[in-house]
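The next block is structure16.txt, given as compact mmCIF, C-alpha atoms and all ligand atoms.
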# COMPACT_ATOMS: atom_id res chain seq x y z
CA VAL F 1 8.13 -0.82 2.47
CA GLY F 2 7.95 -4.55 1.76
CA LEU F 3 10.79 -5.31 4.15
CA VAL F 4 9.36 -3.17 6.97
CA ALA F 5 5.95 -4.82 6.53
CA ALA F 6 7.58 -8.29 6.40
CA VAL F 7 9.52 -7.87 9.65
CA GLY F 8 6.56 -6.15 11.31
CA LEU F 9 4.01 -8.78 10.33
CA ALA F 10 6.40 -11.56 11.36
CA ASP F 11 6.84 -9.88 14.74
CA PHE F 12 3.04 -9.89 15.16
CA GLY F 13 3.28 -13.70 15.01
CA ASN F 14 2.47 -14.28 11.34
CA SER F 15 4.52 -16.65 9.24
CA VAL F 16 6.00 -14.44 6.50
CA THR F 17 7.93 -15.17 3.31
CA GLY F 18 9.52 -12.11 1.74
CA CYS F 19 9.97 -12.52 -2.00
CA ASP F 20 11.61 -10.40 -4.65
CA ILE F 21 12.73 -10.92 -8.25
CA ASP F 22 16.08 -9.40 -7.25
CA GLY F 23 18.14 -12.43 -6.19
CA GLU F 24 20.94 -10.30 -4.73
CA LYS F 25 18.54 -8.66 -2.29
CA ILE F 26 17.22 -12.07 -1.26
CA ASP F 27 20.76 -13.40 -0.65
CA LYS F 28 21.54 -10.44 1.59
CA LEU F 29 18.30 -10.78 3.53
CA ASN F 30 18.86 -14.50 4.03
CA ARG F 31 22.20 -13.58 5.59
CA GLY F 32 20.40 -11.17 7.95
CA ILE F 33 21.61 -8.01 6.17
CA PRO F 34 18.85 -5.39 5.65
CA THR F 35 18.67 -3.93 2.15
CA ILE F 36 17.55 -0.53 3.48
CA TYR F 37 18.66 1.55 6.41
CA GLU F 38 15.95 2.05 9.02
CA PRO F 39 16.66 2.18 12.76
CA GLY F 40 15.74 -1.12 14.42
CA ILE F 41 15.20 -3.13 11.27
CA GLU F 42 18.31 -5.29 11.68
CA GLU F 43 17.27 -6.52 15.14
CA TYR F 44 13.73 -7.31 14.04
CA LEU F 45 15.01 -9.06 10.91
CA LYS F 46 17.47 -11.18 12.89
CA ARG F 47 14.93 -12.10 15.54
CA SER F 48 12.20 -13.18 13.13
CA VAL F 49 14.57 -15.13 10.87
CA GLU F 50 16.02 -16.91 13.94
CA ASN F 51 12.64 -17.84 15.37
CA GLY F 52 11.56 -19.16 11.97
CA ARG F 53 8.69 -16.76 11.34
CA LEU F 54 10.43 -14.96 8.48
CA SER F 55 12.25 -16.31 5.43
CA PHE F 56 13.11 -14.98 1.98
CA THR F 57 13.01 -16.42 -1.51
CA ALA F 58 13.51 -15.31 -5.10
CA ASP F 59 10.98 -17.93 -6.20
CA VAL F 60 8.04 -15.54 -6.31
CA PRO F 61 5.54 -18.02 -7.87
CA ALA F 62 6.24 -20.62 -5.15
CA ALA F 63 5.89 -17.98 -2.41
CA VAL F 64 2.54 -16.89 -3.87
CA ARG F 65 1.25 -20.47 -4.06
CA ALA F 66 2.19 -21.12 -0.42
CA ALA F 67 0.59 -17.92 0.88
CA GLU F 68 -2.87 -17.22 2.25
CA VAL F 69 -2.29 -13.49 1.94
CA VAL F 70 -0.06 -11.78 -0.64
CA PHE F 71 1.18 -8.23 -0.06
CA LEU F 72 2.19 -6.26 -3.16
CA ALA F 73 4.91 -3.77 -2.23
CA VAL F 74 6.66 -3.28 -5.56
CA GLY F 75 7.94 0.08 -6.75
CA THR F 76 5.73 2.71 -8.38
CA PRO F 77 8.27 5.24 -9.69
CA GLN F 78 6.94 8.64 -10.68
CA GLY F 79 7.29 9.74 -14.27
CA ASP F 80 8.11 13.31 -15.36
CA ASP F 81 4.43 14.19 -15.51
CA GLY F 82 3.96 13.11 -11.88
CA SER F 83 1.94 10.01 -12.73
CA ALA F 84 2.92 6.65 -11.24
CA ASP F 85 4.46 3.94 -13.43
CA LEU F 86 2.31 0.93 -12.58
CA SER F 87 4.14 -1.65 -14.69
CA GLN F 88 5.70 -3.40 -11.68
CA VAL F 89 2.31 -3.57 -9.95
CA GLU F 90 0.72 -5.02 -13.07
CA GLU F 91 3.49 -7.59 -13.50
CA ALA F 92 3.24 -8.63 -9.86
CA ALA F 93 -0.56 -8.93 -10.13
CA LYS F 94 -0.10 -11.23 -13.15
CA THR F 95 2.28 -13.43 -11.15
CA VAL F 96 -0.33 -13.65 -8.38
CA GLY F 97 -3.07 -14.53 -10.88
CA ARG F 98 -1.00 -17.26 -12.55
CA ASN F 99 -0.28 -18.84 -9.19
CA LEU F 100 -3.68 -18.54 -7.59
CA ASP F 101 -4.25 -22.13 -6.50
CA GLY F 102 -6.90 -21.37 -3.86
CA TYR F 103 -8.59 -18.44 -2.13
CA LYS F 104 -6.09 -15.69 -1.31
CA VAL F 105 -6.27 -12.11 -0.11
CA VAL F 106 -4.13 -9.81 -2.26
CA VAL F 107 -3.15 -6.65 -0.38
CA THR F 108 -1.82 -3.54 -2.10
CA LYS F 109 0.85 -1.74 -0.06
CA SER F 110 2.41 0.07 -3.01
CA THR F 111 1.35 3.70 -3.37
CA VAL F 112 -1.12 3.65 -6.22
CA PRO F 113 -3.55 6.10 -7.81
CA VAL F 114 -7.32 5.75 -7.46
CA GLY F 115 -8.73 2.88 -9.48
CA THR F 116 -5.57 0.76 -9.41
CA ASN F 117 -6.95 -1.80 -6.98
CA ARG F 118 -9.91 -2.37 -9.29
CA ARG F 119 -7.38 -2.81 -12.12
CA ILE F 120 -5.36 -5.31 -10.08
CA LYS F 121 -8.57 -7.26 -9.49
CA GLY F 122 -9.21 -7.33 -13.25
CA ILE F 123 -5.66 -8.51 -14.02
CA ILE F 124 -5.91 -11.37 -11.53
CA GLN F 125 -9.37 -12.34 -12.80
CA ASN F 126 -7.99 -12.48 -16.37
CA GLU F 127 -5.13 -14.73 -15.33
CA ALA F 128 -7.25 -16.93 -13.07
CA PRO F 129 -10.80 -17.03 -14.42
CA GLY F 130 -13.36 -18.25 -11.92
CA LYS F 131 -10.87 -18.47 -9.03
CA SER F 132 -11.77 -16.95 -5.70
CA PHE F 133 -9.74 -14.08 -4.20
CA ASP F 134 -10.15 -10.63 -2.68
CA VAL F 135 -8.16 -7.49 -3.31
CA VAL F 136 -7.54 -5.25 -0.30
CA SER F 137 -6.06 -1.76 -0.20
CA ASN F 138 -3.82 -1.16 2.82
CA PRO F 139 -1.73 1.97 2.29
CA GLU F 140 1.22 2.55 4.57
CA PHE F 141 2.06 5.86 6.29
CA LEU F 142 5.73 5.37 7.17
CA ARG F 143 8.17 8.22 7.58
CA GLU F 144 11.71 7.82 6.29
CA GLY F 145 14.08 7.04 9.17
CA ARG F 146 11.12 6.15 11.43
CA ALA F 147 9.56 3.42 9.33
CA VAL F 148 9.91 0.58 11.88
CA HIS F 149 8.62 2.74 14.73
CA ASP F 150 5.70 3.97 12.60
CA PHE F 151 4.76 0.42 11.56
CA PHE F 152 4.42 -0.64 15.18
CA HIS F 153 2.77 2.60 16.36
CA PRO F 154 0.47 3.66 13.55
CA ASP F 155 -1.90 6.63 13.94
CA ARG F 156 -4.39 4.50 12.05
CA ILE F 157 -4.54 1.42 9.87
CA VAL F 158 -6.50 2.09 6.69
CA ILE F 159 -8.01 -0.99 5.10
CA GLY F 160 -10.12 -0.85 1.98
CA CYS F 161 -11.91 -4.13 1.33
CA GLU F 162 -15.16 -5.46 -0.03
CA SER F 163 -15.71 -8.80 1.69
CA GLU F 164 -16.21 -9.99 5.24
CA ARG F 165 -13.78 -12.85 4.63
CA ALA F 166 -10.98 -10.44 3.63
CA LYS F 167 -11.83 -8.19 6.61
CA GLU F 168 -11.50 -11.10 9.04
CA THR F 169 -8.17 -12.08 7.47
CA MET F 170 -6.82 -8.53 7.82
CA GLU F 171 -8.01 -8.34 11.45
CA ASP F 172 -6.20 -11.59 12.12
CA ILE F 173 -2.96 -10.43 10.51
CA TYR F 174 -2.98 -7.16 12.43
CA ARG F 175 -4.31 -8.68 15.68
CA ALA F 176 -1.34 -7.32 17.67
CA LEU F 177 -2.37 -3.77 16.75
CA TYR F 178 -6.01 -4.59 17.42
CA LEU F 179 -5.07 -5.61 20.94
CA ILE F 180 -3.36 -2.28 21.66
CA GLN F 181 -6.47 -0.57 20.21
CA SER F 182 -4.86 1.17 17.25
CA PRO F 183 -7.64 2.83 15.25
CA PHE F 184 -8.72 0.79 12.23
CA VAL F 185 -10.36 2.69 9.39
CA TRP F 186 -12.44 0.32 7.26
CA CYS F 187 -13.55 1.51 3.87
CA GLY F 188 -14.16 0.41 0.28
CA LEU F 189 -11.39 -0.24 -2.25
CA GLU F 190 -11.46 3.28 -3.66
CA THR F 191 -12.11 5.24 -0.49
CA ALA F 192 -8.72 4.24 0.83
CA GLU F 193 -7.21 6.29 -1.99
CA ILE F 194 -6.77 10.05 -1.80
CA ARG F 195 -5.65 12.55 -4.39
CA ALA F 196 -4.57 16.05 -3.61
CA HIS F 197 -3.60 19.27 -5.33
CA ASP F 198 -1.80 22.20 -3.73
CA PRO F 199 0.77 24.03 -5.86
CA GLU F 200 2.63 25.40 -2.82
CA ALA F 201 2.53 22.70 -0.15
CA MET F 202 2.68 19.61 -2.34
CA GLU F 203 6.44 19.04 -2.29
CA THR F 204 6.65 19.12 1.53
CA PHE F 205 3.46 17.11 1.87
CA LYS F 206 4.80 14.36 -0.38
CA ARG F 207 7.50 13.61 2.17
CA LEU F 208 5.02 13.46 5.05
CA PHE F 209 2.20 11.63 3.25
CA PRO F 210 3.75 9.50 0.51
CA ASP F 211 0.55 7.50 0.05
CA VAL F 212 -1.50 10.39 -1.22
CA SER F 213 -1.44 10.77 -5.01
CA TYR F 214 -0.55 14.32 -6.00
CA GLU F 215 -1.92 15.98 -9.11
CA SER F 216 -0.40 18.97 -10.85
CA LYS F 217 -3.82 20.29 -11.95
CA SER F 218 -6.73 20.92 -9.58
CA TYR F 219 -9.31 19.38 -11.93
CA ASP F 220 -7.27 16.13 -12.17
CA ALA F 221 -7.53 15.63 -8.40
CA VAL F 222 -11.27 14.95 -8.57
CA ILE F 223 -11.49 12.59 -11.56
CA SER F 224 -13.71 9.63 -10.51
CA ALA F 225 -13.73 10.87 -6.90
CA ASP F 226 -16.74 10.34 -4.65
CA ALA F 227 -16.05 13.51 -2.70
CA ALA F 228 -14.07 16.70 -3.17
CA VAL F 229 -12.91 18.80 -0.22
CA ILE F 230 -11.77 22.33 -1.02
CA VAL F 231 -9.83 23.84 1.88
CA THR F 232 -8.34 27.10 0.71
CA GLU F 233 -9.11 30.75 0.13
CA TRP F 234 -6.86 31.09 -2.88
CA ASN F 235 -8.44 32.89 -5.82
CA GLU F 236 -7.47 30.06 -8.16
CA TYR F 237 -9.92 27.84 -6.27
CA ARG F 238 -12.57 30.55 -5.84
CA THR F 239 -12.84 30.71 -9.58
CA LEU F 240 -13.04 26.96 -10.15
CA ASP F 241 -15.63 25.91 -12.69
CA LEU F 242 -17.66 23.76 -10.27
CA PRO F 243 -20.01 22.21 -12.86
CA LYS F 244 -16.90 21.12 -14.82
CA LEU F 245 -15.37 19.72 -11.62
CA LYS F 246 -18.56 17.84 -10.77
CA ALA F 247 -18.81 16.37 -14.26
CA SER F 248 -15.52 14.50 -13.88
CA MET F 249 -16.40 13.16 -10.42
CA ARG F 250 -18.13 9.85 -9.84
CA GLY F 251 -20.09 10.91 -6.79
CA ASN F 252 -21.42 14.33 -5.88
CA ILE F 253 -20.51 14.93 -2.25
N1 LIG F 301 3.86 5.48 2.57
C1 LIG F 301 4.98 4.98 2.86
O1 LIG F 301 5.23 4.86 3.97
C2 LIG F 301 5.87 4.56 1.78
C3 LIG F 301 7.23 4.73 1.92
C4 LIG F 301 8.05 4.28 0.91
C5 LIG F 301 7.47 3.69 -0.21
N2 LIG F 301 6.13 3.56 -0.33
C6 LIG F 301 5.54 2.89 -1.51
O2 LIG F 301 5.75 1.50 -1.44
C7 LIG F 301 6.08 0.99 -2.71
C8 LIG F 301 7.42 0.30 -2.67
O3 LIG F 301 8.41 1.24 -2.37
P1 LIG F 301 9.87 0.82 -1.96
O4 LIG F 301 10.61 2.06 -1.63
O5 LIG F 301 9.80 -0.26 -0.94
O6 LIG F 301 10.39 0.24 -3.36
P2 LIG F 301 11.71 -0.62 -3.67
O7 LIG F 301 12.01 -0.35 -5.11
O8 LIG F 301 12.75 -0.39 -2.64
O9 LIG F 301 11.21 -2.11 -3.50
C9 LIG F 301 10.36 -2.71 -4.42
C10 LIG F 301 10.91 -4.12 -4.70
O10 LIG F 301 9.97 -4.79 -5.53
C11 LIG F 301 10.72 -5.71 -6.32
N3 LIG F 301 9.88 -6.16 -7.44
C12 LIG F 301 9.59 -5.49 -8.57
N4 LIG F 301 8.78 -6.22 -9.35
C13 LIG F 301 8.54 -7.40 -8.69
C14 LIG F 301 7.75 -8.54 -8.97
N5 LIG F 301 7.05 -8.65 -10.10
N6 LIG F 301 7.73 -9.54 -8.07
C15 LIG F 301 8.45 -9.43 -6.92
N7 LIG F 301 9.20 -8.36 -6.58
C16 LIG F 301 9.26 -7.35 -7.46
C17 LIG F 301 11.93 -4.94 -6.72
O11 LIG F 301 12.99 -5.80 -7.12
C18 LIG F 301 12.25 -4.16 -5.43
O12 LIG F 301 13.21 -4.81 -4.64
C19 LIG F 301 6.02 2.19 -3.65
O13 LIG F 301 4.73 2.24 -4.22
C20 LIG F 301 6.23 3.35 -2.76
O14 LIG F 301 5.65 4.55 -3.25
C21 LIG F 301 5.32 3.99 0.65
Target encoding structure tokens, full file:
Amino acid sequence: VGLVAAVGLADFGNSVTGCDIDGEKIDKLNRGIPTIYEPGIEEYLKRSVENGRLSFTADVPAAVRAAEVVFLAVGTPQGDDGSADLSQVEEAAKTVGRNLDGYKVVVTKSTVPVGTNRRIKGIIQNEAPGKSFDVVSNPEFLREGRAVHDFFHPDRIVIGCESERAKETMEDIYRALYLIQSPFVWCGLETAEIRAHDPEAMETFKRLFPDVSYESKSYDAVISADAAVIVTEWNEYRTLDLPKLKASMRGNI
């Protein structure tokens, strides 16, 4: 995801530095060799590296210090219980905090459960007390094998942010999509995050919508949610204990 976003954002005219703690990946990328297979990525990579808009480094702290906007696209592997392991996200957020030398927008591209962006904000605040920054949620909806195409032709661009300054920065970064009138969906940090539960369809859905968090229990899907949408006639849902469901929600829509 990080590489697709890096080549895509560079192609929009932004100056992009891709960074990774994996030095081998960085070496390959600096030689113009993509580390994933996605149709079209090699051409975009080559073009942006050649025209100087895209470079790669394993010096993550230096890349953070030099950036106005930092995209977090680290892995969030799923554990056996289906929950996401957020240790890479937390580590990356710490690196950002320790290297926050001026106002920056920190954008989460990794697929994270509800509440994680708030947590990222807390981690950065701890590492950089009093420093100014904004956290933005910008989930990606890329299909495997069509990731480059999907990045350039999105159905919608979902951006969760809480400040006008961050909104203007995101508009600027995505200006190429703005110009072709791709639909932008602006929302708060949490509203950009969706959880779902469907015992039958979940496995197929995961492949189509990797950014949704999937819960194995219906009640878990509404914890801290502002709204719950029940779209089924299954008896399991007819018999839901709605007061119990409401009690674990934050809102009551
Ligand atoms: N919706 C989509 O379209 C879609 C598709 C695939 C993945 N994703 C999500 O995007 C995220 C990334 O997935 P991926 O497949 O690109 O993962 P990946 O494992 O291929 O890439 C993540 C990279 O992050 C690097 N990394 C880890 N910790 C780091 C740190 N502290 N600083 C710098 N780099 C660090 C790793 O070395 C690795 O190269 C995941 O959350 C995944 O669920 C979304």
Closest-contact table, chain F side, partner ligand LIG 301 (chain F), 8 Å, counting all atoms listed in the file, as a Markdown table:
| residue | atom | partner | partner_atom | distance |
| --- | --- | --- | --- | --- |
| F:Val1 | CA | F:LIG301 | O5 | 3.8 |
| F:Gly2 | CA | F:LIG301 | O5 | 5.4 |
| F:Leu3 | CA | F:LIG301 | O5 | 7.2 |
| F:Cys19 | CA | F:LIG301 | C15 | 6.0 |
| F:Asp20 | CA | F:LIG301 | N7 | 3.7 |
| F:Ile21 | CA | F:LIG301 | N7 | 4.7 |
| F:Asp22 | CA | F:LIG301 | O11 | 4.7 |
| F:Lys25 | CA | F:LIG301 | O12 | 7.0 |
| F:Ile36 | CA | F:LIG301 | O8 | 7.8 |
| F:Ala58 | CA | F:LIG301 | C15 | 8.0 |
| F:Val60 | CA | F:LIG301 | C15 | 6.2 |
| F:Leu72 | CA | F:LIG301 | C15 | 8.0 |
| F:Ala73 | CA | F:LIG301 | C8 | 4.8 |
| F:Val74 | CA | F:LIG301 | O10 | 3.6 |
| F:Gly75 | CA | F:LIG301 | C8 | 4.1 |
| F:Thr76 | CA | F:LIG301 | O13 | 4.3 |
| F:Pro77 | CA | F:LIG301 | O14 | 7.0 |
| F:Gln88 | CA | F:LIG301 | N4 | 4.8 |
| F:Val89 | CA | F:LIG301 | N5 | 6.9 |
| F:Glu90 | CA | F:LIG301 | N5 | 7.9 |
| F:Glu91 | CA | F:LIG301 | N5 | 5.0 |
| F:Ala92 | CA | F:LIG301 | N5 | 3.8 |
| F:Ala93 | CA | F:LIG301 | N5 | 7.6 |
| F:Thr95 | CA | F:LIG301 | N5 | 6.8 |
| F:Lys109 | CA | F:LIG301 | O2 | 6.0 |
| F:Ser110 | CA | F:LIG301 | O13 | 3.4 |
| F:Thr111 | CA | F:LIG301 | O13 | 3.8 |
| F:Val112 | CA | F:LIG301 | O13 | 6.3 |
| F:Pro139 | CA | F:LIG301 | N1 | 6.6 |
| F:Glu140 | CA | F:LIG301 | N1 | 4.4 |
| F:Phe141 | CA | F:LIG301 | O1 | 4.1 |
| F:Leu142 | CA | F:LIG301 | O1 | 3.3 |
| F:Arg143 | CA | F:LIG301 | O1 | 5.7 |
| F:Glu144 | CA | F:LIG301 | C3 | 7.0 |
| F:Ala147 | CA | F:LIG301 | O1 | 7.0 |
| F:Phe209 | CA | F:LIG301 | N1 | 6.4 |
| F:Pro210 | CA | F:LIG301 | N1 | 4.5 |
| F:Asp211 | CA | F:LIG301 | N1 | 4.6 |
Test item: residues at most 10 Å from Gly160 of chain F, all atoms listed in the file, excluding those fewer than 5 positions along its chain, as a PyMOL selection string = chain F and resi 107-108+117+135-139+166-167+185-193
task = Using all atoms listed in the file, determine which residues lie at most 10 Å from Lys246 of chain F, disregarding the query and same-chain residues fewer than 3 positions distant; provide the list as a ChimeraX atom specification.
result = /F:219,222-228,241-243,249-253
message = Env of Asp198 of chain F: 9 Å cut, atoms = only C-alpha atoms, seq-sep filter 2 positions within chain, self excluded. Answer as JSON, numbers by chain.
response = {"F": [196, 200, 201, 202, 203, 214, 215, 216, 217, 218]}
inquiry  = Calculated over all atoms listed in the file, which of the candidates F:Val212, F:Ala67, F:Ile123, F:Leu177 has the smallest distance to Ile194 of chain F?
reply    =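 Of all the options, F:Val212 lies closest to Ile194 of chain F.
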request  = Can you pull out every residue within 12 Å of Lys94 of chain F, counting only C-alpha atoms, but drop anything in the same chain fewer than 3 positions away, and send it as an MDAnalysis selection string?
outcome  = chainID F and resid 60:61 64 72 87:91 97:100 106 119:128
Once you add 3 Å to each side, what are the centre and edge lengths of the axis-aligned box holding all listed atoms of segment 165-173 of chain F? One decimal in Å, as JSON, if you can.
{"center_x": -8.4, "center_y": -10.5, "center_z": 7.9, "size_x": 16.8, "size_y": 10.7, "size_z": 14.5}
ask   = Could you pull the residues within 9 Å of Pro39 of chain F, counting all atoms listed in the file, minus those fewer than 2 positions along the same chain, as a PyMOL selection string?
value = chain F and resi 37+41-42+145-149
Deliver the residues from the most recent selection as a file, using C-alpha atoms, as a short mmCIF file (atom, residue, chain, number, x, y, z; two decimals), keeping the file's coordinate frame.
data_model
loop_
_atom_site.label_atom_id
_atom_site.label_comp_id
_atom_site.auth_asym_id
_atom_site.auth_seq_id
_atom_site.Cartn_x
_atom_site.Cartn_y
_atom_site.Cartn_z
CA TYR F 37 18.66 1.55 6.41
CA ILE F 41 15.20 -3.13 11.27
CA GLU F 42 18.31 -5.29 11.68
CA GLY F 145 14.08 7.04 9.17
CA ARG F 146 11.12 6.15 11.43
CA ALA F 147 9.56 3.42 9.33
CA VAL F 148 9.91 0.58 11.88
CA HIS F 149 8.62 2.74 14.73
#
